[in-house]
Structure formats: structure tokens, C-alpha cells
>>> print(open('final00.cif').read())   # mmCIF, C-alpha atoms
data_data
#
loop_
_atom_site.label_atom_id
_atom_site.label_comp_id
_atom_site.auth_asym_id
_atom_site.auth_seq_id
_atom_site.Cartn_x
_atom_site.Cartn_y
_atom_site.Cartn_z
CA MET M 226 -5.98 -18.93 12.33
CA VAL M 227 -7.39 -19.26 8.82
CA ILE M 228 -7.83 -16.04 6.86
CA GLU M 229 -11.03 -16.48 4.87
CA ARG M 230 -11.64 -12.85 3.92
CA ALA M 231 -9.31 -9.92 3.45
CA GLU M 232 -10.09 -6.52 2.01
CA PHE M 233 -8.51 -3.09 1.84
CA ILE M 234 -10.65 -0.53 3.68
CA LYS M 235 -8.97 2.88 3.46
CA SER M 236 -5.79 4.95 3.74
CA VAL M 237 -5.72 7.84 6.19
CA VAL M 238 -3.31 10.45 7.45
CA ASP M 239 -5.07 10.92 10.78
CA PRO M 240 -6.40 7.68 12.30
CA ALA M 241 -8.46 9.63 14.83
CA ALA M 242 -10.43 11.16 11.95
CA ALA M 243 -10.93 7.88 10.09
CA LYS M 244 -14.20 7.09 11.90
CA LEU M 245 -13.79 3.35 11.39
CA PRO M 246 -16.05 0.95 13.29
CA PHE M 247 -14.43 -0.22 16.51
CA LEU M 248 -12.56 -3.46 15.94
CA PRO M 249 -9.30 -4.82 17.38
CA GLU M 250 -6.18 -3.81 15.47
CA ILE M 251 -2.81 -5.43 14.80
CA ALA M 252 -0.25 -3.02 13.37
CA LEU M 253 2.70 -3.68 11.06
CA VAL M 254 5.67 -1.38 11.33
CA GLY M 255 9.18 -1.43 9.91
CA ARG M 256 11.69 0.27 7.65
CA SER M 257 10.49 1.32 4.23
CA ASN M 258 12.18 -1.55 2.38
CA VAL M 259 11.53 -4.35 4.88
CA GLY M 260 8.69 -6.04 2.99
CA LYS M 261 5.47 -5.08 4.81
CA SER M 262 3.29 -5.14 1.69
CA SER M 263 4.72 -8.48 0.58
CA LEU M 264 4.01 -9.90 4.03
CA ILE M 265 0.39 -8.75 3.88
CA ASN M 266 -0.08 -10.36 0.47
CA THR M 267 1.61 -13.61 1.51
CA LEU M 268 -0.25 -13.78 4.80
CA THR M 269 -3.67 -13.25 3.23
CA GLY M 270 -3.00 -15.24 0.05
CA ARG M 271 -3.96 -12.19 -2.02
CA ASN M 272 -1.12 -11.19 -4.34
CA LYS M 273 -2.37 -7.66 -5.02
CA LEU M 274 -4.12 -6.74 -1.78
CA ALA M 275 -1.30 -4.44 -0.69
CA LYS M 276 0.61 -2.49 -3.32
CA VAL M 277 4.26 -3.51 -3.58
CA GLY M 278 6.33 -0.61 -4.89
CA SER M 279 9.44 -0.89 -7.03
CA THR M 280 11.08 1.66 -4.76
CA PRO M 281 11.03 1.90 -0.94
CA GLY M 282 8.75 4.34 0.82
CA LYS M 283 5.52 3.41 -0.99
CA THR M 284 3.41 3.44 2.17
CA ARG M 285 2.94 7.08 3.12
CA GLN M 286 -0.35 6.82 4.96
CA VAL M 287 -1.91 4.50 7.52
CA ASN M 288 -3.55 1.66 5.57
CA TYR M 289 -6.37 -0.42 7.04
CA PHE M 290 -7.12 -3.97 5.91
CA LEU M 291 -10.12 -5.87 7.30
CA LEU M 292 -9.45 -9.56 7.96
CA ASN M 293 -12.20 -12.11 8.52
CA GLU M 294 -14.55 -9.19 9.17
CA SER M 295 -13.29 -9.26 12.75
CA PHE M 296 -10.08 -7.21 13.04
CA TYR M 297 -7.94 -4.68 11.19
CA LEU M 298 -4.41 -5.30 10.01
CA VAL M 299 -2.91 -1.80 9.99
CA ASP M 300 0.05 -1.03 7.73
CA LEU M 301 1.96 1.95 9.13
CA PRO M 302 4.25 4.14 7.00
CA GLY M 303 7.72 2.74 6.47
CA TYR M 304 10.46 4.70 8.16
CA GLY M 305 14.17 5.20 7.51
CA TYR M 306 14.08 5.79 3.75
CA ALA M 307 17.07 8.00 2.96
CA LYS M 308 15.83 9.64 -0.26
CA VAL M 309 13.18 11.88 1.26
CA SER M 310 13.36 15.24 2.98
CA HIS M 311 13.82 15.62 6.73
CA GLU M 312 10.36 17.20 6.84
CA GLU M 313 8.79 14.13 5.22
CA LYS M 314 10.65 11.79 7.57
CA ALA M 315 9.43 13.81 10.53
CA GLY M 316 5.91 13.63 9.14
CA TRP M 317 6.03 9.84 8.95
CA GLU M 318 7.34 9.59 12.50
CA LYS M 319 4.59 11.90 13.71
CA MET M 320 2.01 9.78 11.89
CA ILE M 321 3.29 6.54 13.44
CA GLU M 322 3.43 7.97 16.96
CA GLY M 323 0.04 9.61 16.44
CA TYR M 324 -1.43 6.25 15.46
CA LEU M 325 0.10 4.54 18.50
CA THR M 326 -1.16 7.22 20.87
CA TYR M 327 -4.69 7.17 19.47
CA SER M 328 -5.08 3.41 19.09
CA VAL M 329 -3.70 2.67 22.57
CA GLU M 330 -5.90 5.31 24.22
CA GLU M 331 -8.94 3.94 22.38
CA LYS M 332 -7.94 0.36 23.31
CA ARG M 333 -7.92 -0.64 19.64
CA LEU M 334 -4.32 -1.82 19.28
CA ARG M 335 -3.80 -5.36 20.54
CA HIS M 336 -0.42 -6.23 19.05
CA LEU M 337 2.49 -4.83 17.08
CA PHE M 338 4.41 -6.75 14.41
CA LEU M 339 7.85 -5.16 14.16
CA LEU M 340 9.45 -6.15 10.85
CA LEU M 341 13.24 -6.29 10.63
CA ASP M 342 15.47 -7.46 7.78
CA ILE M 343 17.01 -10.69 9.03
CA ARG M 344 20.33 -9.84 7.34
CA HIS M 345 21.04 -6.58 9.15
CA GLU M 346 21.52 -5.22 12.65
CA PRO M 347 18.60 -3.05 13.83
CA LYS M 348 19.07 0.62 12.98
CA ASP M 349 18.44 3.51 15.38
CA SER M 350 14.94 3.90 13.94
CA ASP M 351 14.20 0.23 14.73
CA LEU M 352 15.39 0.76 18.29
CA GLN M 353 13.09 3.79 18.48
CA MET M 354 10.14 1.62 17.43
CA ALA M 355 11.06 -0.99 20.05
CA TYR M 356 11.18 1.81 22.63
CA TRP M 357 7.74 3.03 21.57
CA ALA M 358 6.33 -0.49 21.87
CA GLU M 359 7.59 -0.64 25.44
CA HIS M 360 6.55 2.93 26.23
CA TYR M 361 2.97 2.25 25.09
CA ALA M 362 3.03 -1.26 26.63
CA VAL M 363 2.00 -2.88 23.36
CA PRO M 364 2.68 -6.63 23.06
CA CYS M 365 5.08 -7.20 20.18
CA THR M 366 6.30 -9.91 17.82
CA ILE M 367 9.41 -9.49 15.67
CA ILE M 368 9.06 -10.65 12.08
CA ALA M 369 12.52 -11.32 10.61
CA THR M 370 11.81 -10.75 6.91
CA LYS M 371 13.75 -11.79 3.80
CA ALA M 372 14.75 -15.07 5.45
CA ASP M 373 15.28 -16.60 2.00
CA LYS M 374 18.34 -14.37 1.59
CA ILE M 375 20.39 -16.38 4.06
CA ASN M 376 21.16 -20.07 4.56
CA ARG M 377 18.24 -21.97 6.08
CA SER M 378 20.42 -23.35 8.87
CA GLN M 379 21.37 -19.79 9.92
CA ARG M 380 17.87 -18.29 10.01
CA GLY M 381 17.04 -19.14 13.61
CA ILE M 382 20.41 -17.85 14.83
CA ALA M 383 20.07 -14.58 12.88
CA ALA M 384 16.52 -14.05 14.14
CA GLY M 385 17.66 -14.55 17.74
CA LYS M 386 20.40 -11.95 17.29
CA LEU M 387 17.80 -9.42 16.14
CA SER M 388 15.77 -9.98 19.28
CA ASN M 389 18.81 -9.53 21.52
CA ALA M 390 19.94 -6.40 19.67
CA LEU M 391 16.62 -4.63 20.35
CA ARG M 392 17.25 -4.91 24.11
CA MET M 393 13.55 -5.06 24.95
CA THR M 394 12.72 -5.66 28.60
CA PHE M 395 9.96 -8.22 28.01
CA PRO M 396 10.10 -11.49 26.05
CA VAL M 397 9.41 -10.96 22.34
CA PRO M 398 8.79 -13.89 19.97
CA VAL M 399 10.70 -13.85 16.69
CA ILE M 400 9.43 -15.42 13.46
CA PRO M 401 11.75 -15.79 10.43
CA PHE M 402 9.65 -14.96 7.37
CA SER M 403 9.99 -15.05 3.59
CA SER M 404 7.39 -13.88 1.11
CA LEU M 405 9.23 -15.80 -1.62
CA ASP M 406 9.32 -19.31 -0.18
CA GLY M 407 6.51 -18.90 2.35
CA GLU M 408 8.61 -19.66 5.42
CA GLY M 409 6.98 -18.37 8.56
CA ARG M 410 3.47 -17.98 7.14
CA LYS M 411 2.02 -20.83 9.19
CA LEU M 412 3.81 -19.63 12.32
CA LEU M 413 2.50 -16.11 11.76
CA LEU M 414 -1.05 -17.39 11.30
CA THR M 415 -0.67 -19.36 14.52
CA ARG M 416 0.60 -16.21 16.24
CA LEU M 417 -2.46 -14.30 15.03
CA GLY M 418 -4.63 -16.99 16.58
CA GLU M 419 -2.84 -16.56 19.92
CA ILE M 420 -3.38 -12.81 20.08
CA ASN M 421 -6.40 -11.66 22.03
CA ILE M 422 -8.49 -10.28 19.19
#
>>> encode(input="final00.cif", output="C-alpha cells")
Amino acid sequence: MVIERAEFIKSVVDPAAAKLPFLPEIALVGRSNVGKSSLINTLTGRNKLAKVGSTPGKTRQVNYFLLNESFYLVDLPGYGYAKVSHEEKAGWEKMIEGYLTYSVEEKRLRHLFLLLDIRHEPKDSDLQMAYWAEHYAVPCTIIATKADKINRSQRGIAAGKLSNALRMTFPVPVIPFSSLDGEGRKLLLTRLGEINI
């Protein structure tokens, strides 16, 4: 796939109230410091399309980006950030699950990109997201971010370990990705082209 146009549409708390035109959606989800905004910018070739915060937890709403005027890339709130209240954490989880429930029921969501830091074992919150993907029967691809932080020869091995650690019951492709050196961008664009959107 070639991304010719990319634009930010809106941020919402309640996707059901957003009243966006019906288009297929691909959602990005991951921990609050995993690099979702950087991935969006690298993928689209637009350095400032998604705001990259200096501290984790910048994304606190559901953000919609329109790509090629044909589908939405949906950036869900990052989870797992320690320096927020339990109430705020619960609010983010409710927002993510609310989005999944609504978008699956409305047949909007076609695919989920689950972002994991290639250097670390999945946390309980990552396992919860993997469970939700299976519960809602949403096809999923793992994006192993920050691949530039480890030796190039070890990236494939580390990405495979992430997939195994999630213990998902259906095959899930894994793409090592780096917003710094661009690794994985072409594979991710190819993956987008394979998804039924």
C-alpha cells in the first residue's frame, strides 16, 4: 500500500457519539510509552501528524486519522502508565473496551495493531489486550517497536518471543519496527495492503 493522503480528523471520548462517516478502521493499541504516535508519523511520512509527547500517556482520547480517504487509523489511549490515578487508568481501560465493543458491533474494526516494546516481556495489560482481541475475534498483528534498541541479528528472535508470550490461540504476524531507522515500515505498508479494507 502507498499512503498518499493522511489527515487528523478528531479526538473523542465516546466513539459511538463521534458520528463519523462509515469507513473501515484499523486500531493501534499499546502501552503508553510504546511509540504509537511515532509509528503513525513514520508510517504516513508526516512528522507532526500525531503528537509525540515528552512524557508517556499523551494519548488520552480516541484519535481518528483518515488515510487515503478510504479508512481510519484509530489511535487508542495508551495503557499501563504508572504515574496516573487508578480512576484515570480505569477510565482509559473503559474507553478502549468501549471502542472495541462499538466498532466490532458496527462492523467498523477490521484489524488491530498491538504494539509491544521488543525489549521487554509483555505485561499483564498487554495480555489483557491480547485476550480482548481474541474475545472480540479481531484479526491482529503485533508490532514489535523500538527495534533499533537491540542488535539487528536479534530482532527476529525477540519478536518471535513476544508472539509466543502472548499465548494467542490463532496465528499472529509479528513485525519488528523502528521509527528511528525505518525498519518495518515497508512490511507494515504491505500488511495494510493485505487487510480487507
>>> residues_around(input="final00.cif", residues="stretch 350-355 of chain M", least_positions_apart="6", cutoff="10 Å", atoms="only C-alpha atoms", output="PyMOL selection string")
chain M and resi 254-256+304-305+318+321-322+337+339-341+363+365+367+390-394
>>> residues_around(input="final00.cif", residues="M:Phe402", least_positions_apart="3", cutoff="7 Å", atoms="only C-alpha atoms", output="list in words")
Ile368, Ala369, Thr370, Lys371, Ala372, Glu408, Gly409 and Arg410 of chain M
>>> atom_distance(input="final00.cif", atom1="atom CA of M:Gly407", atom2="atom CA of M:Gly270")
10.4 Å
>>> closest_residue(input="final00.cif", among="M:Asp300, M:Glu294, M:Asp342, M:Glu250", to="M:Val399", atoms="all atoms listed in the file")
M:Asp342
>>> closest_residue(input="final00.cif", among="M:Ser328, M:Asn258, M:Asn389, M:Thr366", to="M:Pro347", atoms="all atoms listed in the file")
M:Asn389
>>> residues_around(input="final00.cif", residues="stretch 285-290 of chain M", least_positions_apart="5", cutoff="6 Å", atoms="all atoms listed in the file", output="list in words")
Glu232, Phe233, Ile234, Lys235, Ser236, Val237, Val238, Tyr297, Leu298, Val299, Asp300, Leu301 and Pro302 of chain M
>>> atom_distance(input="final00.cif", atom1="atom CA of M:Pro246", atom2="atom CA of M:Gly418")
21.5 Å
>>> residues_around(input="final00.cif", residues="stretch 419-422 of chain M", least_positions_apart="6", cutoff="8 Å", atoms="all atoms listed in the file", output="VMD selection string")
chain M and resid 249 to 250 296 335 to 336
>>> residues_around(input="final00.cif", residues="M:Ala362", least_positions_apart="4", cutoff="9 Å", atoms="only C-alpha atoms", output="list in words")
Val329, Trp357 and Ala358 of chain M
>>> atom_distance(input="final00.cif", atom1="atom CA of M:Arg377", atom2="atom CA of M:Leu413")
17.7 Å
